[in-house]
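Source file: model37.cif (mmCIF, C-alpha atoms)
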```cif
data_start
loop_
_atom_site.label_atom_id
_atom_site.label_comp_id
_atom_site.auth_asym_id
_atom_site.auth_seq_id
_atom_site.Cartn_x
_atom_site.Cartn_y
_atom_site.Cartn_z
CA MET K 1 -24.00 5.66 17.13
CA TYR K 2 -26.81 7.36 15.18
CA ASN K 3 -26.89 10.33 17.56
CA TYR K 4 -23.14 10.70 17.16
CA ILE K 5 -23.37 10.68 13.34
CA LEU K 6 -26.22 13.21 13.36
CA LYS K 7 -24.24 15.45 15.70
CA LYS K 8 -21.16 15.25 13.47
CA VAL K 9 -23.26 15.99 10.37
CA PHE K 10 -24.75 19.05 12.08
CA TYR K 11 -21.32 20.39 13.05
CA SER K 12 -20.06 19.58 9.55
CA ILE K 13 -22.82 21.70 8.01
CA LEU K 14 -21.76 24.60 10.24
CA VAL K 15 -18.14 24.15 9.13
CA ILE K 16 -19.11 24.12 5.44
CA TYR K 17 -21.27 27.21 5.97
CA GLY K 18 -18.28 28.96 7.55
CA VAL K 19 -16.06 27.98 4.62
CA LEU K 20 -18.65 29.21 2.12
CA THR K 21 -18.90 32.55 3.91
CA ILE K 22 -15.13 33.07 4.13
CA VAL K 23 -14.57 32.01 0.53
CA PHE K 24 -17.31 34.29 -0.80
CA PHE K 25 -16.22 37.44 0.99
CA LEU K 26 -12.51 36.73 0.48
CA PHE K 27 -12.82 36.47 -3.30
CA ASN K 28 -15.40 39.23 -3.65
CA VAL K 29 -13.12 41.85 -2.12
CA LEU K 30 -10.37 41.10 -4.64
CA PRO K 31 -9.68 43.84 -7.21
CA GLY K 32 -11.14 43.35 -10.66
CA ASP K 33 -14.54 43.21 -12.30
CA PRO K 34 -15.81 39.65 -12.97
CA ALA K 35 -18.04 40.90 -15.79
CA ARG K 36 -15.07 42.44 -17.61
CA MET K 37 -13.11 39.19 -17.13
CA MET K 38 -15.91 37.20 -18.75
CA LEU K 39 -16.14 39.52 -21.78
CA ASP K 40 -12.35 39.83 -22.16
CA LYS K 41 -11.57 41.87 -25.31
CA ARG K 42 -15.15 41.78 -26.59
CA GLU K 43 -16.26 44.29 -23.97
CA ASP K 44 -18.82 47.01 -24.65
CA SER K 45 -21.10 48.91 -22.26
CA LYS K 46 -24.30 47.10 -23.26
CA GLN K 47 -22.81 43.62 -22.96
CA LEU K 48 -21.21 44.60 -19.66
CA GLU K 49 -24.58 45.66 -18.27
CA LEU K 50 -26.26 42.47 -19.48
CA ILE K 51 -23.58 40.26 -17.88
CA LYS K 52 -23.82 42.13 -14.56
CA THR K 53 -27.61 41.76 -14.55
CA LYS K 54 -27.49 38.07 -15.53
CA TYR K 55 -25.03 37.08 -12.81
CA GLY K 56 -26.17 39.52 -10.15
CA PHE K 57 -22.93 41.55 -10.11
CA ASP K 58 -24.98 44.76 -10.02
CA LYS K 59 -26.64 43.75 -6.74
CA PRO K 60 -25.42 44.77 -3.25
CA LEU K 61 -22.83 42.42 -1.72
CA TYR K 62 -25.22 40.98 0.89
CA LEU K 63 -27.69 40.02 -1.88
CA GLN K 64 -24.91 38.42 -3.92
CA TYR K 65 -24.03 36.47 -0.79
CA PHE K 66 -27.62 35.25 -0.44
CA TYR K 67 -27.70 34.26 -4.11
CA TYR K 68 -24.44 32.35 -3.72
CA LEU K 69 -25.75 30.43 -0.70
CA ASN K 70 -28.97 29.81 -2.59
CA ASP K 71 -27.00 28.33 -5.49
CA VAL K 72 -24.76 26.02 -3.48
CA SER K 73 -27.45 24.84 -1.04
CA ILE K 74 -29.27 21.56 -1.59
CA LEU K 75 -32.50 23.19 -0.43
CA SER K 76 -33.07 26.63 -1.95
CA LEU K 77 -35.67 29.27 -2.74
CA HIS K 78 -36.40 30.25 -6.34
CA ASN K 79 -38.62 32.59 -8.31
CA ILE K 80 -40.79 30.68 -10.77
CA LYS K 81 -42.38 33.57 -12.71
CA ASP K 82 -39.92 36.43 -13.14
CA VAL K 83 -37.47 35.36 -15.86
CA ASN K 84 -35.40 38.48 -15.17
CA SER K 85 -34.84 37.48 -11.55
CA PHE K 86 -31.40 36.15 -10.66
CA THR K 87 -33.15 33.40 -8.67
CA PHE K 88 -35.41 32.35 -11.54
CA LEU K 89 -35.82 28.57 -11.54
CA ASP K 90 -33.90 27.38 -14.57
CA TYR K 91 -34.31 23.58 -14.63
CA LYS K 92 -31.40 23.06 -17.01
CA LYS K 93 -29.10 25.04 -14.73
CA TYR K 94 -30.24 23.76 -11.35
CA ASN K 95 -31.50 20.24 -12.08
CA ALA K 96 -34.14 20.95 -9.44
CA LYS K 97 -37.21 19.20 -8.08
CA ILE K 98 -39.93 21.39 -6.54
CA LEU K 99 -40.93 20.48 -2.99
CA PHE K 100 -43.67 23.09 -2.59
CA ASN K 101 -44.74 26.50 -3.90
CA TYR K 102 -45.52 29.69 -1.99
CA LYS K 103 -46.88 32.61 -4.01
CA ASP K 104 -44.31 33.33 -6.74
CA PHE K 105 -41.57 31.23 -5.15
CA SER K 106 -40.71 27.57 -4.94
CA VAL K 107 -38.66 25.65 -2.40
CA VAL K 108 -36.65 23.10 -4.37
CA ILE K 109 -34.21 20.30 -3.76
CA LYS K 110 -31.28 20.20 -6.17
CA SER K 111 -27.65 19.37 -6.60
CA PRO K 112 -25.37 22.23 -5.48
CA TYR K 113 -24.81 24.71 -8.29
CA LEU K 114 -21.24 26.04 -8.18
CA ARG K 115 -21.87 28.39 -11.10
CA THR K 116 -19.94 28.53 -14.36
CA SER K 117 -16.38 29.30 -15.38
CA PHE K 118 -15.55 32.85 -16.45
CA VAL K 119 -12.98 31.57 -18.93
CA LYS K 120 -14.05 28.19 -20.30
CA SER K 121 -17.10 29.17 -22.34
CA ASN K 122 -19.53 29.05 -19.43
CA LEU K 123 -18.58 25.47 -18.57
CA LYS K 124 -20.07 24.43 -15.23
CA VAL K 125 -17.63 24.39 -12.31
CA SER K 126 -19.13 21.08 -11.20
CA SER K 127 -18.24 19.61 -14.61
CA ILE K 128 -14.66 20.87 -14.30
CA ILE K 129 -14.34 19.32 -10.83
CA LYS K 130 -15.93 16.10 -12.06
CA SER K 131 -13.40 15.78 -14.88
CA THR K 132 -10.28 16.68 -12.85
CA PHE K 133 -10.89 15.40 -9.31
CA PRO K 134 -10.63 11.66 -10.16
CA ASN K 135 -7.02 12.26 -11.28
CA THR K 136 -6.23 14.11 -8.05
CA PHE K 137 -7.97 11.45 -5.95
CA LEU K 138 -6.03 8.66 -7.64
CA LEU K 139 -2.75 10.54 -7.18
CA ALA K 140 -3.45 11.23 -3.49
CA LEU K 141 -4.63 7.65 -2.89
CA LEU K 142 -1.49 6.10 -4.39
CA ALA K 143 0.68 8.61 -2.50
CA ILE K 144 -0.90 7.74 0.85
CA VAL K 145 -0.78 3.98 0.12
CA PHE K 146 2.93 4.35 -0.69
CA ALA K 147 3.48 6.37 2.50
CA LEU K 148 1.44 4.00 4.68
CA PHE K 149 3.05 0.79 3.45
CA PHE K 150 6.66 1.92 3.63
CA GLY K 151 6.00 4.07 6.71
CA LEU K 152 4.69 1.11 8.73
CA VAL K 153 7.48 -1.19 7.52
CA LEU K 154 10.25 1.29 8.26
CA GLY K 155 8.60 2.38 11.51
CA VAL K 156 8.46 -1.20 12.80
CA ILE K 157 12.06 -1.85 11.70
CA SER K 158 13.17 1.35 13.43
CA ALA K 159 11.34 0.48 16.67
CA LEU K 160 12.71 -3.08 16.78
CA ASN K 161 16.25 -1.71 16.25
CA LYS K 162 15.98 1.15 18.74
CA ASN K 163 19.09 3.34 19.04
CA ASN K 164 21.28 1.30 16.68
CA ILE K 165 22.59 2.31 13.25
CA ILE K 166 19.44 1.16 11.36
CA ASP K 167 17.22 3.24 13.64
CA ARG K 168 19.41 6.32 13.19
CA ILE K 169 19.47 6.00 9.39
CA VAL K 170 15.68 5.64 9.20
CA LEU K 171 15.12 8.63 11.51
CA TYR K 172 17.61 10.75 9.57
CA LEU K 173 15.85 9.99 6.27
CA SER K 174 12.43 10.74 7.79
CA VAL K 175 13.63 14.12 9.08
CA MET K 176 14.99 14.93 5.61
CA GLY K 177 11.67 13.96 4.06
CA MET K 178 9.74 16.31 6.34
CA ALA K 179 12.19 19.16 5.73
CA LEU K 180 11.95 19.07 1.93
CA PRO K 181 9.22 21.36 0.49
CA SER K 182 6.97 19.57 -1.99
CA PHE K 183 7.72 21.93 -4.88
CA PHE K 184 11.48 21.49 -4.41
CA SER K 185 11.35 17.69 -4.11
CA ALA K 186 9.05 17.59 -7.18
CA ILE K 187 11.58 19.50 -9.29
CA LEU K 188 14.45 17.39 -7.94
CA ILE K 189 12.73 14.03 -8.51
CA ALA K 190 11.47 15.03 -11.98
CA TRP K 191 14.98 16.13 -12.99
CA ILE K 192 16.81 13.07 -11.62
CA PHE K 193 14.42 10.24 -12.51
CA GLY K 194 12.60 11.81 -15.46
CA TYR K 195 15.58 13.42 -17.20
CA ILE K 196 19.00 12.21 -16.03
CA LEU K 197 17.97 8.57 -15.48
CA HIS K 198 15.23 8.52 -18.11
CA SER K 199 16.97 5.85 -20.19
CA TYR K 200 16.98 3.53 -17.13
CA THR K 201 13.63 4.37 -15.53
CA GLY K 202 11.59 4.99 -18.68
CA LEU K 203 9.76 7.74 -16.79
CA SER K 204 8.99 11.23 -18.10
CA MET K 205 9.37 14.56 -16.37
CA THR K 206 5.76 15.51 -17.15
CA GLY K 207 2.60 13.74 -18.21
CA SER K 208 -0.92 12.91 -17.09
CA LEU K 209 -2.96 9.74 -16.69
CA TYR K 210 -4.29 9.97 -20.25
CA GLU K 211 -2.22 11.21 -23.15
CA ILE K 212 -3.55 12.52 -26.46
CA ASP K 213 -2.00 11.07 -29.62
CA ASP K 214 -0.15 13.18 -32.17
CA TYR K 215 -3.29 13.62 -34.25
CA GLY K 216 -5.31 14.96 -31.30
CA ILE K 217 -8.00 12.33 -31.80
CA GLY K 218 -7.47 9.33 -29.54
CA ARG K 219 -6.08 9.10 -26.02
CA SER K 220 -4.25 6.33 -24.23
CA LEU K 221 -3.84 5.33 -20.58
CA ASN K 222 -0.30 5.88 -19.34
CA LEU K 223 0.05 4.63 -15.75
CA LYS K 224 3.81 5.22 -15.55
CA ASN K 225 3.19 8.98 -15.43
CA ILE K 226 1.72 8.65 -11.95
CA VAL K 227 4.83 7.06 -10.41
CA LEU K 228 6.97 10.17 -9.85
CA PRO K 229 4.18 12.54 -8.67
CA ALA K 230 2.79 9.86 -6.31
CA ILE K 231 6.21 9.25 -4.74
CA THR K 232 6.85 13.00 -4.49
CA LEU K 233 3.48 13.62 -2.86
CA GLY K 234 3.96 10.70 -0.48
CA ILE K 235 7.40 11.66 0.87
CA ARG K 236 6.22 13.98 3.64
CA PRO K 237 3.42 11.75 4.99
CA LEU K 238 5.84 8.82 4.76
CA SER K 239 8.26 10.65 7.06
CA VAL K 240 5.52 11.47 9.56
CA ILE K 241 4.14 7.91 9.58
CA ILE K 242 7.61 6.43 10.20
CA GLN K 243 8.13 8.50 13.34
CA LEU K 244 4.58 8.09 14.63
CA CYS K 245 4.66 4.32 14.11
CA ARG K 246 8.08 3.99 15.75
CA ASN K 247 7.24 6.08 18.83
CA SER K 248 3.78 4.58 19.32
CA LEU K 249 5.06 1.03 18.90
CA LEU K 250 7.83 1.63 21.45
CA ASP K 251 5.23 2.89 23.94
CA VAL K 252 3.03 -0.16 23.42
CA LEU K 253 5.97 -2.59 23.65
CA SER K 254 6.77 -1.23 27.12
CA MET K 255 3.29 -2.03 28.49
CA ASP K 256 2.54 -4.78 30.98
CA TYR K 257 0.46 -6.98 28.69
CA ILE K 258 3.38 -7.19 26.25
CA ARG K 259 5.65 -8.35 29.08
CA THR K 260 3.02 -10.94 29.98
CA ALA K 261 2.90 -12.15 26.37
CA LYS K 262 6.69 -12.49 26.34
CA ALA K 263 6.60 -14.39 29.64
CA LYS K 264 4.12 -16.85 28.11
CA GLY K 265 6.65 -17.63 25.40
CA LEU K 266 4.94 -15.98 22.42
CA SER K 267 7.25 -15.23 19.50
CA ASN K 268 8.36 -11.66 18.82
CA PHE K 269 6.64 -11.75 15.43
CA LEU K 270 3.30 -12.69 17.02
CA ILE K 271 3.68 -10.12 19.80
CA VAL K 272 4.51 -7.27 17.42
CA PHE K 273 2.09 -7.93 14.58
CA LYS K 274 -0.88 -9.44 16.45
CA HIS K 275 -0.89 -7.47 19.68
CA ALA K 276 1.37 -4.42 19.68
CA LEU K 277 1.05 -3.02 16.15
CA ARG K 278 -2.75 -2.84 16.08
CA ASN K 279 -2.87 -1.00 19.41
CA SER K 280 -0.27 1.50 18.19
CA LEU K 281 -2.16 2.48 15.03
CA ASN K 282 -4.39 5.26 16.44
CA PRO K 283 -1.89 8.10 15.92
CA VAL K 284 -1.04 6.64 12.50
CA ILE K 285 -4.71 6.65 11.49
CA THR K 286 -4.97 10.28 12.60
CA ALA K 287 -1.94 11.18 10.49
CA VAL K 288 -3.10 9.20 7.46
CA SER K 289 -6.58 10.72 7.49
CA GLY K 290 -5.28 14.23 7.92
CA TRP K 291 -2.58 13.79 5.31
CA PHE K 292 -4.93 12.20 2.78
CA ALA K 293 -7.26 15.17 3.02
CA SER K 294 -4.25 17.50 2.87
CA LEU K 295 -2.88 15.74 -0.19
CA LEU K 296 -6.11 16.43 -2.05
CA ALA K 297 -5.63 20.13 -1.37
CA GLY K 298 -1.84 20.18 -1.36
CA ALA K 299 -1.28 18.44 -4.68
CA VAL K 300 -1.35 21.85 -6.38
CA PHE K 301 2.41 22.32 -6.82
CA VAL K 302 3.12 18.66 -7.55
CA GLU K 303 0.41 18.49 -10.22
CA TYR K 304 1.56 21.74 -11.79
CA ILE K 305 5.24 20.72 -11.96
CA PHE K 306 4.48 17.26 -13.35
CA ALA K 307 1.70 18.63 -15.63
CA TRP K 308 -0.74 16.19 -14.02
CA ASN K 309 -4.25 17.15 -15.11
CA GLY K 310 -5.91 17.17 -11.71
CA LEU K 311 -7.88 19.60 -9.59
CA GLY K 312 -4.71 21.17 -8.18
CA LYS K 313 -3.41 22.16 -11.60
CA GLU K 314 -6.89 23.40 -12.49
CA ILE K 315 -6.86 25.68 -9.41
CA VAL K 316 -3.48 27.14 -10.42
CA ASP K 317 -4.72 27.82 -13.96
CA ALA K 318 -7.92 29.37 -12.58
CA LEU K 319 -5.92 31.67 -10.26
CA ASN K 320 -3.72 32.77 -13.16
CA ASN K 321 -6.83 33.60 -15.20
CA MET K 322 -8.79 35.05 -12.24
CA ASP K 323 -11.46 32.43 -12.87
CA LEU K 324 -13.05 32.94 -9.45
CA PRO K 325 -16.00 30.49 -9.66
CA VAL K 326 -13.58 27.61 -10.37
CA VAL K 327 -11.34 28.55 -7.43
CA MET K 328 -14.27 29.09 -5.06
CA GLY K 329 -16.03 25.88 -6.09
CA SER K 330 -12.83 23.86 -5.77
CA VAL K 331 -12.11 25.20 -2.27
CA VAL K 332 -15.64 24.42 -1.12
CA PHE K 333 -15.46 20.94 -2.64
CA ILE K 334 -12.12 20.16 -0.95
CA SER K 335 -13.51 21.42 2.38
CA LEU K 336 -16.40 18.99 2.02
CA ILE K 337 -13.92 16.16 1.44
CA PHE K 338 -12.07 17.17 4.63
CA VAL K 339 -15.29 17.00 6.63
CA ILE K 340 -16.33 13.60 5.25
CA ILE K 341 -12.89 12.11 5.91
CA ASN K 342 -12.90 13.34 9.52
CA ILE K 343 -16.25 11.64 10.17
CA LEU K 344 -15.00 8.39 8.61
CA VAL K 345 -11.82 8.50 10.70
CA ASP K 346 -13.75 8.71 13.96
CA LEU K 347 -15.70 5.61 12.92
CA ILE K 348 -12.48 3.78 12.00
CA TYR K 349 -11.06 4.55 15.44
CA ALA K 350 -13.76 2.50 17.11
CA TRP K 351 -13.12 -0.41 14.76
CA VAL K 352 -9.33 -0.43 15.18
CA ASP K 353 -9.22 0.16 18.93
CA PRO K 354 -12.02 -1.45 21.01
CA ARG K 355 -11.16 0.91 23.87
CA VAL K 356 -12.55 3.82 21.84
CA ARG K 357 -16.29 4.34 22.14
CA ILE K 358 -18.26 6.91 20.15
CA GLU K 359 -21.31 8.46 21.75
#
```
Starting from the coordinates I provided, produce the structure as structure tokens.
Amino acid sequence: MYNYILKKVFYSILVIYGVLTIVFFLFNVLPGDPARMMLDKREDSKQLELIKTKYGFDKPLYLQYFYYLNDVSILSLHNIKDVNSFTFLDYKKYNAKILFNYKDFSVVIKSPYLRTSFVKSNLKVSSIIKSTFPNTFLLALLAIVFALFFGLVLGVISALNKNNIIDRIVLYLSVMGMALPSFFSAILIAWIFGYILHSYTGLSMTGSLYEIDDYGIGRSLNLKNIVLPAITLGIRPLSVIIQLCRNSLLDVLSMDYIRTAKAKGLSNFLIVFKHALRNSLNPVITAVSGWFASLLAGAVFVEYIFAWNGLGKEIVDALNNMDLPVVMGSVVFISLIFVIINILVDLIYAWVDPRVRIE
């Protein structure tokens, strides 16, 4: 078990390193000067030079790459004497603890530094993620819970009514759910339930978890605003889970041990929910884990349409403003979530299905 976890962690580090490398070079070949973006209309030649020196934009690309890795790494190398060095150890910026010193440099352990926003008055990217990701996580969690609950229920109903009218209706609806793009279903659901049927549903077309009052002072929790975006985000995984659950359950129900259970006189309810359903959950777990991680990254359009103040909407705003550190930091953070979820899923496999062994 421990060897398996260590091996997965090692491979995960390689994956994150690959993502960091791709993200850095992808965004650093884009047109535009980050220093000019930061100064906006206040630009002059002296300020431009100072900004480029401060953030290392005047350095060769390979050095900027090293500095970026140095910033986002937990273990990193820093200059402790030269205040003009881009790697100067700024305790306020890095929140670092020195492990040991060598000449003019220190090896430190610190929280990853994702740099600061170009647009939001040098606000740390980590602070932006910290303030927006909980909203995205809650939205994705409720969406996947909605998809899992109704997906399992409808999948079981469909399997137990194989090839009759109920089965056909459920399969038809699931195919429609997979065919609808998220941005289109978001607009459609917001218009129907938030505008046309607003007097019956009481739901709004847009809104976030917390709403600011008319005076801009206090804020109030408004849980109803999460209903429409959660349902919209959960439609596609719901459709996938229905079909996976149905097909997997039909395969399990055709196995010999199920026939033996029927021959012993066990009720259909006991056979399905105690024996067959648990052994048919592996593909569902794979889908749920993959979709949950995808929902964290794919909530961009849904959050933007419903004006849900999450990480997805923040990424769209950052792309519109060419706020590259926010986009880069968000992509790296979401990649880390993907990796963690994949490790957890492998461990869940062994718990759900005793036939699975991790080595």
Mind pulling up the distance from atom CA of K:Ile22 to atom CA of K:Asn321?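 Calculated distance between atom CA of K:Asn321 and atom CA of K:Ile22 is 21.0 Å.
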Name the residues in contact with stretch 98-100 of chain K at a cut-off of 12 Å, using all atoms listed in the file, excluding same-chain residues fewer than 2 positions from it; report them as a ChimeraX atom specification. /K:74-80,89-91,94-96,102-110
Nearest candidate to K:Ala159 (options K:Lys97, K:Arg246, K:Arg278, K:Lys52; using only C-alpha atoms):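 Checking each candidate against K:Ala159, we get K:Arg246 as the closest.
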Explicit residue set for the PyMOL selection byres ((chain K and resi 66-69) around 12), as a ChimeraX atom specification: /K:16-25,28,55-57,59-65,70-79,85-88,112-115,325,328-329,332
May I ask for the distance between atom CA of K:Thr116 and atom CA of K:Ile226, given in Å to one decimal place? 29.5 Å
Would you mind listing what lies within 7 Å of K:Leu203 as a list in words, with only C-alpha atoms counted and same-chain residues fewer than 4 positions away left out?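 So, after excluding close chain neighbours, the residues are Phe193, Gly194, His198, Lys224 and Asn225 of chain K.
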What separation in Å, quoted to one decimal, exists between atom CA of K:Val9 and atom CA of K:Ile340?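 Pair atom CA of K:Val9 / atom CA of K:Ile340 returns 8.9 Å.
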If we count only C-alpha atoms, what is near K:Ser289 at a cut-off of 7 Å, once residues fewer than 4 positions away on the same chain are taken out, given as a list of chain:residue names? K:Ile285, K:Ala293, K:Ile341, K:Val345
Please, could you write that set of residues out with C-alpha atoms as a PDB file, keeping the file's coordinate frame?
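Writing done, so here's selection.pdb:
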```pdb
ATOM      1  CA  ILE K 285      -4.710   6.650  11.490  1.00  0.00           C
ATOM      2  CA  ALA K 293      -7.260  15.170   3.020  1.00  0.00           C
ATOM      3  CA  ILE K 341     -12.890  12.110   5.910  1.00  0.00           C
ATOM      4  CA  VAL K 345     -11.820   8.500  10.700  1.00  0.00           C
TER       5      VAL K 345
END
```
Any idea what's packed within 12 Å of stretch 167-169 of chain K, counting all atoms listed in the file, ignoring anything in its chain fewer than 3 positions away? Could you give it as a list in words?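 Contacts, in chain order: Leu154, Gly155, Val156, Ile157, Ser158, Ala159, Leu160, Asn161, Lys162, Asn163, Asn164, Tyr172, Leu173, Ser174, Val175, Met176, Ile242, Gln243, Arg246 and Asn247 of chain K.
When the PyMOL selection byres ((chain K and resi 221) around 12) is evaluated against the file, it yields Gly207, Ser208, Leu209, Tyr210, Glu211, Ile212, Asp213, Gly218, Arg219, Ser220, Asn222, Leu223, Lys224, Asn225 and Ile226 of chain K.
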Restricting to all atoms listed in the file, whichever of K:Asn122, K:Asn309, K:Ser185, K:Ser280 is closest to K:Thr232 is K:Ser185
Nearby residues (only C-alpha atoms) at most 12 Å from K:Phe133, same-chain spacing under 2 positions excluded, as a PDB file with C-alpha atoms, in the coordinates of the input:
```pdb
ATOM      1  CA  VAL K 125     -17.630  24.390 -12.310  1.00  0.00           C
ATOM      2  CA  SER K 126     -19.130  21.080 -11.200  1.00  0.00           C
ATOM      3  CA  SER K 127     -18.240  19.610 -14.610  1.00  0.00           C
ATOM      4  CA  ILE K 128     -14.660  20.870 -14.300  1.00  0.00           C
ATOM      5  CA  ILE K 129     -14.340  19.320 -10.830  1.00  0.00           C
ATOM      6  CA  LYS K 130     -15.930  16.100 -12.060  1.00  0.00           C
ATOM      7  CA  SER K 131     -13.400  15.780 -14.880  1.00  0.00           C
ATOM      8  CA  ASN K 135      -7.020  12.260 -11.280  1.00  0.00           C
ATOM      9  CA  THR K 136      -6.230  14.110  -8.050  1.00  0.00           C
ATOM     10  CA  PHE K 137      -7.970  11.450  -5.950  1.00  0.00           C
ATOM     11  CA  LEU K 138      -6.030   8.660  -7.640  1.00  0.00           C
ATOM     12  CA  LEU K 139      -2.750  10.540  -7.180  1.00  0.00           C
ATOM     13  CA  ALA K 140      -3.450  11.230  -3.490  1.00  0.00           C
ATOM     14  CA  LEU K 141      -4.630   7.650  -2.890  1.00  0.00           C
ATOM     15  CA  LEU K 296      -6.110  16.430  -2.050  1.00  0.00           C
ATOM     16  CA  ALA K 297      -5.630  20.130  -1.370  1.00  0.00           C
ATOM     17  CA  ALA K 299      -1.280  18.440  -4.680  1.00  0.00           C
ATOM     18  CA  VAL K 300      -1.350  21.850  -6.380  1.00  0.00           C
ATOM     19  CA  GLU K 303       0.410  18.490 -10.220  1.00  0.00           C
ATOM     20  CA  TRP K 308      -0.740  16.190 -14.020  1.00  0.00           C
ATOM     21  CA  ASN K 309      -4.250  17.150 -15.110  1.00  0.00           C
ATOM     22  CA  GLY K 310      -5.910  17.170 -11.710  1.00  0.00           C
ATOM     23  CA  LEU K 311      -7.880  19.600  -9.590  1.00  0.00           C
ATOM     24  CA  GLY K 312      -4.710  21.170  -8.180  1.00  0.00           C
ATOM     25  CA  LYS K 313      -3.410  22.160 -11.600  1.00  0.00           C
ATOM     26  CA  GLU K 314      -6.890  23.400 -12.490  1.00  0.00           C
ATOM     27  CA  ILE K 315      -6.860  25.680  -9.410  1.00  0.00           C
ATOM     28  CA  SER K 330     -12.830  23.860  -5.770  1.00  0.00           C
ATOM     29  CA  PHE K 333     -15.460  20.940  -2.640  1.00  0.00           C
ATOM     30  CA  ILE K 334     -12.120  20.160  -0.950  1.00  0.00           C
ATOM     31  CA  ILE K 337     -13.920  16.160   1.440  1.00  0.00           C
TER      32      ILE K 337
END
```
Which one is closest to K:Val29: K:Val252, K:Leu6, K:Val331, K:Leu324? Count all atoms listed in the file.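 Closest residue, counting all atoms listed in the file: K:Leu324.
Each of K:Ile258, K:Leu26, K:Val227, K:Val15 was checked against K:Ala143 using only C-alpha atoms; the smallest atom-to-atom distance is that of K:Val227.
Closest approach to K:Phe338 among K:Leu233, K:Val145, K:Ile166, K:Ser12: K:Ser12, based on only C-alpha atoms.
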